[in-house]
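S.K.: Quick one: structure below, then a few questions.
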Amino acid sequence: MDINEIINNIAETKYKGNNSMFANDMDTSEANIRNYRNSRTPKLDFIIKLFKKFEISFDNTFLNEAVNYVTEPIISYRRTSDRNYESQRIPLFDVEATLGLVPMSNNDSLDSERILDYISIPNLPKCDGATYAGGDSMYPLIKSGDIVAFKKIDIDSIFYGEMYILSIYMDSDTTYKTVKFVQRSDLGSDYIKLVSHNQHHEPKDILISKIAAIGLIRASIRLHN
């Protein structure tokens with residue numbers, strides 16, 4: 001069942017075909033619901049809200065069958081020699097999660113209250129989680145709304161030149177998440193340099209002590225948005 005069939009089924013079974021009621025519940029326009037029931041692919045934030053509201057699973061069956069929902073194949077960024085897993089259950093965290101991890105200075109527990117669902121990606125090395133990328137600093141390699149799967153690492157295990165997702169302290173209580181290439185800094189061993197794929201974003205040196213959590217990007221999934 002593709003995303004349009006799912007929406008059409010909800011409209012018929014939950015709202016007796018009433019697009020206006022459906023639209024009110026989803027905080028969108030009746031025209032959008034009408035288009036989504038036909039052939040137009042919804043934006044990602046609508047799909048996430050829909051799946052949460054009606055407790056629909058982001059399972060592997062849906063990702064495989066909704067061929068008009070996935071615009072490009074899964075891209076693997078494998079550079080390591082650790083073994084692939086034929087199947088693994090990867091937690092999909094919301095955009096507010098700190099890489100799906102409590103900051104490393106506290107402990108290494110999963111940020112379980114931020115889990116939206118679980119996804120399964122075959123033939124990848126071990127992944128600790130997945131989340132949605134934001135911003136355009138890695139465009140066109142990674143776009144805002146893409147799902148990135150990552151493996152949590154210790155800061156001492158960085159492979160310079162690889163792509164990482166990082167949670168960086170803004171202050172003692174606030175972090176922000178970003179996807180960047182990590183390179184050695186000219187400022188010394190206490191720093192790393194964050195480099196964007198988008199040339200409109202300048203490289204930035206940050207103190208290693210400002211990193212709350214870091215994960216090696218294993219793969220990305222691009223969806224219609």
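Residue numbering restarts at 1 in every chain; chains get A, B, ... in the order shown in the structure tokens, and ligands count up from 1 in that same order.
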Pull the closest atom pair for each residue of range 134-170 of chain A that gets at most 10 Å from range 181-191 of chain A, along with the distance in Å to one decimal, counting only C-alpha atoms, ordering rows by chain and then ascending residue number, as JSON lines.

M.R.:
```
{"residue": "A:Met138", "atom": "CA", "partner": "A:Phe181", "partner_atom": "CA", "distance": 8.8}
{"residue": "A:Ile158", "atom": "CA", "partner": "A:Val182", "partner_atom": "CA", "distance": 8.1}
{"residue": "A:Phe159", "atom": "CA", "partner": "A:Val182", "partner_atom": "CA", "distance": 8.0}
{"residue": "A:Tyr160", "atom": "CA", "partner": "A:Gln183", "partner_atom": "CA", "distance": 4.9}
{"residue": "A:Gly161", "atom": "CA", "partner": "A:Gln183", "partner_atom": "CA", "distance": 5.2}
{"residue": "A:Glu162", "atom": "CA", "partner": "A:Phe181", "partner_atom": "CA", "distance": 5.5}
{"residue": "A:Met163", "atom": "CA", "partner": "A:Phe181", "partner_atom": "CA", "distance": 4.3}
{"residue": "A:Tyr164", "atom": "CA", "partner": "A:Phe181", "partner_atom": "CA", "distance": 6.1}
{"residue": "A:Ile165", "atom": "CA", "partner": "A:Phe181", "partner_atom": "CA", "distance": 8.7}
{"residue": "A:Leu166", "atom": "CA", "partner": "A:Val182", "partner_atom": "CA", "distance": 9.7}
```

S.K.: Which residues come within 10 Å of Val179 in chain A, counting only C-alpha atoms, excluding same-chain residues fewer than 2 positions away, as an NGL selection string?

M.R.: :A and (133-138 or 142 or 148 or 163-167 or 177 or 181-182 or 194-197 or 214-217)

S.K.: For range 123-126 of chain A, please output as a list in words all residues within 6 Å (counting only C-alpha atoms; exclusion window: fewer than 5 positions along the same chain).

M.R.: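 Answer for this query is Arg83, Asn84, Tyr85 and Glu86 of chain A.
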
S.K.: Could those residues be written to a file, using all heavy atoms, as a CSV table (one decimal), in the first residue's frame?

M.R.:
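Here's the written file result-v8.csv:
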```csv
chain,number,residue,atom,x,y,z
A,83,ARG,N,31.5,-6.1,9.7
A,83,ARG,CA,30.6,-6.9,8.9
A,83,ARG,C,29.2,-6.2,8.7
A,83,ARG,O,28.7,-5.4,9.5
A,83,ARG,CB,30.4,-8.2,9.5
A,83,ARG,CG,29.5,-8.3,10.8
A,83,ARG,CD,29.4,-9.7,11.3
A,83,ARG,NE,28.5,-9.8,12.5
A,83,ARG,CZ,27.2,-10.1,12.4
A,83,ARG,NH1,26.7,-10.3,11.2
A,83,ARG,NH2,26.5,-10.2,13.5
A,84,ASN,N,28.6,-6.6,7.5
A,84,ASN,CA,27.2,-6.2,7.3
A,84,ASN,C,26.2,-7.0,8.0
A,84,ASN,O,26.5,-8.2,8.3
A,84,ASN,CB,26.9,-6.2,5.8
A,84,ASN,CG,27.5,-5.1,5.0
A,84,ASN,OD1,27.9,-4.1,5.6
A,84,ASN,ND2,27.6,-5.2,3.7
A,85,TYR,N,25.1,-6.5,8.3
A,85,TYR,CA,24.0,-7.2,8.9
A,85,TYR,C,22.8,-7.4,7.9
A,85,TYR,O,22.4,-6.4,7.3
A,85,TYR,CB,23.4,-6.5,10.2
A,85,TYR,CG,24.4,-6.5,11.4
A,85,TYR,CD1,25.5,-5.7,11.4
A,85,TYR,CD2,24.1,-7.4,12.4
A,85,TYR,CE1,26.4,-5.8,12.5
A,85,TYR,CE2,25.0,-7.5,13.5
A,85,TYR,CZ,26.1,-6.7,13.5
A,85,TYR,OH,27.0,-6.7,14.6
A,86,GLU,N,22.4,-8.6,7.7
A,86,GLU,CA,21.3,-8.8,6.7
A,86,GLU,C,20.1,-8.1,7.1
A,86,GLU,O,19.3,-7.6,6.3
A,86,GLU,CB,21.1,-10.3,6.6
A,86,GLU,CG,20.0,-10.7,5.6
A,86,GLU,CD,19.8,-12.2,5.4
A,86,GLU,OE1,20.7,-12.9,5.9
A,86,GLU,OE2,18.8,-12.6,4.9
```

S.K.: How many Å lie between CA of Ala219 in chain A and CA of Phe150 in chain A, rounded to one decimal?

M.R.: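 Interatomic distance, CA of Ala219 in chain A to CA of Phe150 in chain A: 7.2 Å.
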
S.K.: Within 8 Å of Ile168 in chain A, counting only C-alpha atoms, which residues qualify if same-chain residues fewer than 2 places away don't, as a short mmCIF file (atom, residue, chain, number, x, y, z; two decimals) with C-alpha atoms, in the first residue's frame?

M.R.:
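So around-v3.cif came out as:
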```
data_model
loop_
_atom_site.label_atom_id
_atom_site.label_comp_id
_atom_site.auth_asym_id
_atom_site.auth_seq_id
_atom_site.Cartn_x
_atom_site.Cartn_y
_atom_site.Cartn_z
CA LEU A 166 27.21 15.75 15.70
CA MET A 170 25.52 25.84 22.58
CA THR A 175 22.68 21.50 21.92
CA TYR A 176 22.19 21.65 18.18
CA LYS A 177 22.52 18.87 15.63
CA LYS A 210 31.85 21.21 22.86
CA ILE A 211 30.77 17.91 21.30
CA ALA A 212 27.92 16.30 23.23
CA ALA A 213 27.65 13.23 20.96
#
```

S.K.: Quick check for you: according to DSSP on this backbone, which residues of range 108-150 of chain A are classed as strand (DSSP E)? Reply as an NGL selection string.

M.R.: :A and (115-120 or 129-132 or 147-150)

S.K.: Those same residues - N, CA and C atoms - I'd like them written as a PDB file, in the first residue's frame.

M.R.:
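Once everything was written out, this is part-v3.pdb:
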```
ATOM      1  N   ILE A 115      12.041   8.257  20.301  1.00  0.00           N
ATOM      2  CA  ILE A 115      11.922   7.291  19.216  1.00  0.00           C
ATOM      3  C   ILE A 115      10.539   7.400  18.571  1.00  0.00           C
ATOM      4  N   LEU A 116      10.528   7.665  17.257  1.00  0.00           N
ATOM      5  CA  LEU A 116       9.273   7.710  16.503  1.00  0.00           C
ATOM      6  C   LEU A 116       8.818   6.307  16.123  1.00  0.00           C
ATOM      7  N   ASP A 117       9.772   5.507  15.674  1.00  0.00           N
ATOM      8  CA  ASP A 117       9.461   4.162  15.213  1.00  0.00           C
ATOM      9  C   ASP A 117      10.780   3.438  14.958  1.00  0.00           C
ATOM     10  N   TYR A 118      10.719   2.321  14.270  1.00  0.00           N
ATOM     11  CA  TYR A 118      11.917   1.573  13.908  1.00  0.00           C
ATOM     12  C   TYR A 118      11.906   1.315  12.407  1.00  0.00           C
ATOM     13  N   ILE A 119      13.086   1.351  11.801  1.00  0.00           N
ATOM     14  CA  ILE A 119      13.212   1.047  10.383  1.00  0.00           C
ATOM     15  C   ILE A 119      14.209  -0.093  10.231  1.00  0.00           C
ATOM     16  N   SER A 120      14.125  -0.782   9.106  1.00  0.00           N
ATOM     17  CA  SER A 120      15.041  -1.880   8.828  1.00  0.00           C
ATOM     18  C   SER A 120      15.681  -1.645   7.471  1.00  0.00           C
ATOM     19  N   GLY A 129      21.164   4.195  15.330  1.00  0.00           N
ATOM     20  CA  GLY A 129      19.954   4.995  15.204  1.00  0.00           C
ATOM     21  C   GLY A 129      19.880   5.676  13.859  1.00  0.00           C
ATOM     22  N   ALA A 130      18.759   6.343  13.637  1.00  0.00           N
ATOM     23  CA  ALA A 130      18.542   7.140  12.428  1.00  0.00           C
ATOM     24  C   ALA A 130      17.731   8.364  12.817  1.00  0.00           C
ATOM     25  N   THR A 131      17.895   9.438  12.076  1.00  0.00           N
ATOM     26  CA  THR A 131      17.143  10.660  12.340  1.00  0.00           C
ATOM     27  C   THR A 131      17.040  11.470  11.059  1.00  0.00           C
ATOM     28  N   TYR A 132      16.310  12.571  11.121  1.00  0.00           N
ATOM     29  CA  TYR A 132      16.112  13.413   9.949  1.00  0.00           C
ATOM     30  C   TYR A 132      17.161  14.515   9.901  1.00  0.00           C
ATOM     31  N   ILE A 147      16.628  10.922   5.702  1.00  0.00           N
ATOM     32  CA  ILE A 147      16.909  10.120   6.887  1.00  0.00           C
ATOM     33  C   ILE A 147      18.365   9.673   6.820  1.00  0.00           C
ATOM     34  N   VAL A 148      19.105   9.903   7.897  1.00  0.00           N
ATOM     35  CA  VAL A 148      20.491   9.440   7.964  1.00  0.00           C
ATOM     36  C   VAL A 148      20.618   8.410   9.092  1.00  0.00           C
ATOM     37  N   ALA A 149      21.259   7.294   8.782  1.00  0.00           N
ATOM     38  CA  ALA A 149      21.516   6.247   9.776  1.00  0.00           C
ATOM     39  C   ALA A 149      22.955   6.388  10.254  1.00  0.00           C
ATOM     40  N   PHE A 150      23.173   6.224  11.562  1.00  0.00           N
ATOM     41  CA  PHE A 150      24.496   6.491  12.120  1.00  0.00           C
ATOM     42  C   PHE A 150      24.906   5.426  13.131  1.00  0.00           C
TER      43      PHE A 150
END
```

S.K.: To one decimal in Å, tell me the separation between CA of Asp173 in chain A and CA of Asp128 in chain A.

M.R.: 23.7 Å

S.K.: To one decimal in Å, tell me the separation between CA of Arg218 in chain A and CA of Cys127 in chain A.

M.R.: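 Here the two named atoms are 7.1 Å from each other.
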
S.K.: Between A:Ile221, A:Lys180, A:Leu141, A:Ile7, which residue has the minimum interatomic distance to Ala23 in chain A, considering only C-alpha atoms?

M.R.: A:Ile7

S.K.: For Asn198 in chain A, which residue out of A:Asn9, A:Lys143, A:Phe54, A:Asp156 is the nearest one, using only C-alpha atoms?

M.R.: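 Answer, going by the shortest atom-to-atom distance: A:Lys143.
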
S.K.: Skipping near chain neighbours, those fewer than 6 positions away, what residues fall within 8 Å of Met26 in chain A using only C-alpha atoms, listed as a VMD selection string?

M.R.: chain A and resid 46 49 to 50

S.K.: Please, could you write that set of residues out with C-alpha atoms as a CSV table (one decimal), in the first residue's frame?

M.R.:
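The resulting again.csv:
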```csv
chain,number,residue,atom,x,y,z
A,46,PHE,CA,2.6,15.7,7.2
A,49,LYS,CA,2.3,13.6,11.9
A,50,LEU,CA,-0.1,11.2,10.1
```

S.K.: For Ser39 in chain A, which of A:Thr13, A:Asn8, A:Asn19, A:Asn24 is the closest residue, counting only C-alpha atoms?

M.R.: A:Asn8

S.K.: Quick one: of A:Gln199, A:Ser20, A:Thr41, A:Ser29, who's nearest to Ile3 in chain A, counting only C-alpha atoms?

M.R.: A:Thr41

S.K.: Env of Leu44 in chain A: 7 Å cut, atoms = only C-alpha atoms, seq-sep filter 2 positions within chain, self excluded. Answer as number ranges by chain.

M.R.: A: 42, 46-48, 145, 225
